[in-house]
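Quick notes on the structure that follows.
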Amino acid sequence: MAFAGNVDELALLQTVRLKKQVTAEVLAAHLGVSVSSGQAALAALVEQGKAVSSDGGVALTDKGFAELSDQLDAERVSIDEDSIADLFEQFGPLDETLSKLLEDPDADGFLDALIGIDRKAQNLFDDVSAFVPRLSRYQDLFAEALEKIKGGSLAWATAGNIDSYATVWREMRAELGGASGN
């Protein structure tokens with residue numbers, strides 16, 4: 001459902017929750033919208049009492065968390081529980097492999113191994129996106145992070161303050177776990 005700034009409200013609320021606090025610039029990059037759309041969406045959340053400005057960003061209020069919970073519950077009703085649970089189970093081994101790989105991004109063969117994991121994960125994420133379409137944006141975020149890593153910027157592998165591969169993976173894990181009821 002379109003919200004202020006033509007941003008999907010569920011995606012907006014979930015992004016703020018997962019990141020704990022966001023700026024319009026971070027939101028815009030994460031959701032693939034303009035900064036002005038991000039600003040309008042965050043301003044509307046604050047105006048509605050669903051978020052509060054703090055430390056240069058916006059964080060959810062209890063009202064925002066309640067709205068998010070209601071919207072996630074409504075989304076889960078439309079998801080085939082068995083299929084999404086199967087996808088979450090398939091995600092587990094990839095998650096374990098990636099976690100080990102990300103322990104040492106400077107290791108020989110890191111990039112090739114990451115590309116291999118990414119290739120396997122994208123097939124899984126195609127299926128996830130079929131069940132939960134709003135999650136398709138994560139595939140773009142993975143691709144953007146991977147391209148920056150290929151370009152030599154290893155910060156895009158693990159940095160926590162950007163949509164690095166590890167950050168996006170952690171968020172996908174949370175999204176997939178929530179959708180599957182785990």
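To be explicit about the labels: the chains of the structure tokens are called A, B, and onward in the order shown, and within each one the residues are counted from 1, while ligands get numbers from 1 in the order they are shown.
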
Next on the checklist: If you run DSSP on the backbone here, which positions in chain A get alpha helix (DSSP H)? Please write them as a count of residues only.
Outcome noted: 124

Item to check | Surrounding residues of A:Asp104 excluding itself and chain neighbours under 6 positions, 10 Å, only C-alpha atoms, as a count of residues only | outcome: 3

Next on the checklist: If I take atom CA of A:Phe91 and atom CA of A:Ala174, how far is one from the other in Å, to one decimal?
Outcome noted: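 Result for atom CA of A:Phe91 versus atom CA of A:Ala174: 11.4 Å, one decimal.
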
Next on the checklist: Please report the interatomic distance between atom CA of A:Tyr165 and atom CA of A:Val77 in Å with one decimal.
Outcome noted: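 Taking atom CA of A:Tyr165 and atom CA of A:Val77, their separation equals 29.5 Å.
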
Find the residues around A:Val52 up to 10 Å (only C-alpha atoms counted), leave out those fewer than 6 positions away in its own chain, and share them as a PDB file with C-alpha atoms, in the first residue's frame.
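Saved as around.pdb:
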```pdb
ATOM      1  CA  GLN A  21      17.011   4.276  13.241  1.00  0.00           C
ATOM      2  CA  LEU A  42       9.566   9.583   7.454  1.00  0.00           C
ATOM      3  CA  ALA A  43       7.842  12.928   8.109  1.00  0.00           C
ATOM      4  CA  LEU A  45       5.470   8.487  10.191  1.00  0.00           C
ATOM      5  CA  VAL A  46       6.512  11.111  12.730  1.00  0.00           C
ATOM      6  CA  VAL A  58      13.909   8.388  12.923  1.00  0.00           C
ATOM      7  CA  ALA A  59      13.006   5.413  15.135  1.00  0.00           C
ATOM      8  CA  LEU A  60       9.695   3.618  15.631  1.00  0.00           C
ATOM      9  CA  THR A  61       7.428   4.366  18.569  1.00  0.00           C
ATOM     10  CA  GLY A  64       4.753   2.257  14.960  1.00  0.00           C
TER      11      GLY A  64
END
```

Long-range neighbours of A:Ser129 as a PDB file with C-alpha atoms, in the first residue's frame, 10 Å cut-off, only C-alpha atoms, 6 positions minimum in chain:
```pdb
ATOM      1  CA  LEU A 135      11.360  -8.627  -0.411  1.00  0.00           C
ATOM      2  CA  SER A 136      12.446  -8.525  -4.053  1.00  0.00           C
ATOM      3  CA  ARG A 137      14.283  -5.236  -3.325  1.00  0.00           C
ATOM      4  CA  TYR A 138      16.836  -7.229  -1.346  1.00  0.00           C
ATOM      5  CA  GLN A 139      18.108  -8.824  -4.550  1.00  0.00           C
TER       6      GLN A 139
END
```

Name the residues of stretch 47-116 of chain A that fall into strand (DSSP E or B) according to DSSP on the backbone, using the chain letters and numbers of this document, as an mmCIF file with all heavy atoms, in the first residue's frame.
```
data_model
loop_
_atom_site.group_PDB
_atom_site.id
_atom_site.type_symbol
_atom_site.label_atom_id
_atom_site.label_comp_id
_atom_site.auth_asym_id
_atom_site.auth_seq_id
_atom_site.Cartn_x
_atom_site.Cartn_y
_atom_site.Cartn_z
ATOM 1 N N ALA A 51 6.569 7.145 14.599
ATOM 2 C CA ALA A 51 8.021 7.265 14.719
ATOM 3 C C ALA A 51 8.348 8.567 15.408
ATOM 4 O O ALA A 51 7.505 9.467 15.500
ATOM 5 C CB ALA A 51 8.675 7.221 13.329
ATOM 6 N N VAL A 52 9.559 8.646 15.893
ATOM 7 C CA VAL A 52 10.038 9.843 16.565
ATOM 8 C C VAL A 52 11.442 10.144 16.046
ATOM 9 O O VAL A 52 12.219 9.227 15.769
ATOM 10 C CB VAL A 52 10.031 9.659 18.101
ATOM 11 C CG1 VAL A 52 10.951 8.539 18.540
ATOM 12 C CG2 VAL A 52 10.343 10.947 18.812
ATOM 13 N N SER A 53 11.747 11.422 15.913
ATOM 14 C CA SER A 53 13.093 11.830 15.519
ATOM 15 C C SER A 53 14.013 11.713 16.718
ATOM 16 O O SER A 53 13.661 12.143 17.819
ATOM 17 C CB SER A 53 13.094 13.275 15.020
ATOM 18 O OG SER A 53 12.346 13.380 13.840
ATOM 19 N N SER A 54 15.195 11.124 16.477
ATOM 20 C CA SER A 54 16.175 11.019 17.558
ATOM 21 C C SER A 54 17.563 10.877 16.975
ATOM 22 O O SER A 54 17.765 10.111 16.027
ATOM 23 C CB SER A 54 15.855 9.826 18.465
ATOM 24 O OG SER A 54 16.086 8.617 17.817
ATOM 25 N N GLY A 57 18.092 10.801 13.215
ATOM 26 C CA GLY A 57 17.360 9.810 12.446
ATOM 27 C C GLY A 57 15.958 9.653 12.978
ATOM 28 O O GLY A 57 15.501 10.429 13.819
ATOM 29 N N VAL A 58 15.279 8.657 12.500
ATOM 30 C CA VAL A 58 13.909 8.388 12.923
ATOM 31 C C VAL A 58 13.843 6.944 13.412
ATOM 32 O O VAL A 58 14.389 6.038 12.771
ATOM 33 C CB VAL A 58 12.925 8.619 11.750
ATOM 34 C CG1 VAL A 58 11.532 8.156 12.104
ATOM 35 C CG2 VAL A 58 12.912 10.087 11.355
ATOM 36 N N ALA A 59 13.189 6.736 14.557
ATOM 37 C CA ALA A 59 13.006 5.413 15.135
ATOM 38 C C ALA A 59 11.524 5.192 15.403
ATOM 39 O O ALA A 59 10.777 6.149 15.610
ATOM 40 C CB ALA A 59 13.805 5.295 16.434
ATOM 41 N N LEU A 60 11.099 3.932 15.400
ATOM 42 C CA LEU A 60 9.695 3.618 15.631
ATOM 43 C C LEU A 60 9.293 3.860 17.081
ATOM 44 O O LEU A 60 10.087 3.657 18.003
ATOM 45 C CB LEU A 60 9.392 2.161 15.273
ATOM 46 C CG LEU A 60 9.482 1.768 13.811
ATOM 47 C CD1 LEU A 60 9.096 0.297 13.639
ATOM 48 C CD2 LEU A 60 8.605 2.645 12.942
#
```

Checklist entry - Which of these, A:Ser83, A:Gly56, A:Phe65, A:Gly160, has the shortest distance to A:Val16 once you count only C-alpha atoms? => result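 Of all the options, A:Phe65 lies closest to A:Val16.
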
Checklist outcome for this item: With distances taken over only C-alpha atoms, the candidate from A:Gly181, A:Glu9, A:Leu87, A:Ala166 nearest A:Glu103 is A:Ala166

Checklist entry - Which of these residues is nearest to A:Asp106, using only C-alpha atoms: A:Ala155, A:Ile79, A:Ala11, A:Ala145? => result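 Among the listed residues, the smallest separation from A:Asp106 belongs to A:Ala155.
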
Next on the checklist: Report, in Å to a single decimal, how far apart atom CA of A:Asp140 and atom CA of A:Gly177 are.
Outcome noted: 19.9 Å
